[in-house]
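See below for the structure under consideration.
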Amino acid sequence: MRLRRSVIALMAVLGLALVSACNGGDKDKEAGGDGLQKVSYLTSFNTFGREAYAYVALEKGYFKDAGFDVKITPGSGTVDVMKLVAGGQADYGIGDFTAIAITLAKQKLPVTTVGMIHQRSMAGIMSLEGLGINGPKDLPGKTIGDQPGSTNTVMFPVYAKAVGIDPKTVTFLPSPPPGLPALLASGKVQGIGQFMVGEPLIANADKEKHRKVIKLPYGKVLPDLYGNAIITRSDLAKDHPDQVKKFTNALLKGLQDTYNDPDAAAAILKKYVPNTDLAVATAELKIMKEYIKPEGFNGPLGEVTQERVQKVISLLEESKAIGSGAIKPEDVVTLNLAPKS
């Protein structure tokens, strides 16, 4: 009997040790040896100059000061970023707000917006002088190169309605994003879907001919459209709001520094992404400033308002990009986590 009690006691001790070890393993997974919480972040697309602000926040210790050990991974477009965040493969990501709204109206992914990077959309179409596109009315009958499902392609019907053309008269040729500037320079397409900060990439691809870059920004005729937004999982926003706020604030500190000093931000990006073309990245970031804080914008960096989100939704409904009543502002944004005036 005594032997039996001893064996039982030993098994209990071993059981407690095993539980303790398992719990320690989970804790180590959540936090490193330095006590920082491990967090994964996806850029909106690749590691172009426009993504430098995340690396600035990393380099300057803003994430660390907020208690995070952040791993930055290149994203591959808004919809893919949304799906990876929804599936738990990433904690935070960046995506174009209009594309986020359109996607959530069609499939109920558990993601939400918690702040804005750009107060105006950077999406649009670009061409080169001599290819037949000088304005929106020149688009019918033309071929535009772009990646299927890209923000520029998804938003095109909304833009077409705003400028008074039939979107069906424009052909979109599926093309991989990295090759778009060269495709345009070759004249195989008359335009490409491109964020406005992509102008230096196009100029670089066309450096032998030095043609003028023609820009058709969607935001010019649709000024209420936001640009890129910060997204996270809905459960993370609901259950850990303090963490979300701390992460968002750290990221926005990097954005503010990038706005203040694009040259330094580009240099930091090159430190982490050595193949960065410093001149192109710097030029991108200087262009991006007018989208981070457009003329007339006086709110805090990252601001989101319910009124403007509703305007975006109404615009998408009017242009038939989404069904009437498919989404409400609260389905797209967690307003109490976004920066406020």
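Simple scheme: letters A, B, ... for chains in structure tokens order, numbers from 1 for residues in each chain, numbers from 1 for ligands in the order shown.
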From a DSSP pass on the backbone, collect the residues of region 110-339 of chain A flagged as alpha helix (DSSP H) and hand them back as a ChimeraX atom specification. /A:151-163,180-186,199-205,218-221,234-239,241-260,262-272,278-292,306-318,329-332
Residue contacts of region 207-214 of chain A (8 Å, only C-alpha atoms) excluding same-chain residues fewer than 6 positions away, as a ChimeraX atom specification: /A:126-129,133-134,199
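Excluding Gly187 (chain A) itself and any same-chain residue fewer than 2 positions from it, the protein and nucleic acid residues within 10 Å of it, counting only C-alpha atoms, are Ser127, Leu128, Gly130, Leu131, Ala182, Leu183, Leu184, Ala185, Val189, Gln190 and Gly191 of chain A.
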For Tyr53 (chain A), the nearest of the candidates A:Leu285, A:Ala101, A:Ile230, A:Ala160, counting only C-alpha atoms: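 Nearest to Tyr53 (chain A): A:Leu285.
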If we count only C-alpha atoms, what is near region 305-318 of chain A at a cut-off of 8 Å, once residues fewer than 4 positions away on the same chain are taken out, given as a PyMOL selection string? chain A and resi 98+101-102+158+224-225+322-324+327-329+335
One decimal, Å: what's the distance from CA of Tyr62 (chain A) over to CA of Pro74 (chain A), could you say?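 These atoms are spaced 19.6 Å apart.
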With only C-alpha atoms as the counted atoms, please give the residues lying no more than 10 Å from Gly49 (chain A), apart from itself and same-chain residues fewer than 4 positions off, as a compact mmCIF listing (two decimals) with C-alpha atoms, in the first residue's frame.
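New file out.txt:
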# COMPACT_ATOMS: atom_id res chain seq x y z
CA TYR A 53 7.41 52.91 -42.61
CA VAL A 197 3.86 56.10 -56.13
CA GLY A 198 4.86 53.69 -58.92
CA PRO A 262 11.65 60.12 -46.82
CA ALA A 265 13.24 56.03 -44.41
CA ALA A 266 14.44 54.76 -47.81
CA ALA A 267 17.92 54.21 -46.37
CA LEU A 269 14.44 50.07 -46.01
CA LYS A 270 17.64 49.36 -47.96
CA THR A 276 16.18 48.24 -52.81
CA ASP A 277 16.84 50.91 -55.45
CA LEU A 278 17.49 53.83 -53.12
CA ALA A 279 16.64 56.56 -55.62
CA VAL A 280 13.36 54.91 -56.67
CA ALA A 281 12.33 54.19 -53.05
CA THR A 282 13.05 57.77 -52.00
CA ALA A 283 11.06 59.17 -54.92
CA GLU A 284 8.12 56.87 -54.06
CA LEU A 285 8.06 58.05 -50.46
CA LYS A 286 8.14 61.71 -51.44
CA MET A 288 3.35 59.25 -50.95
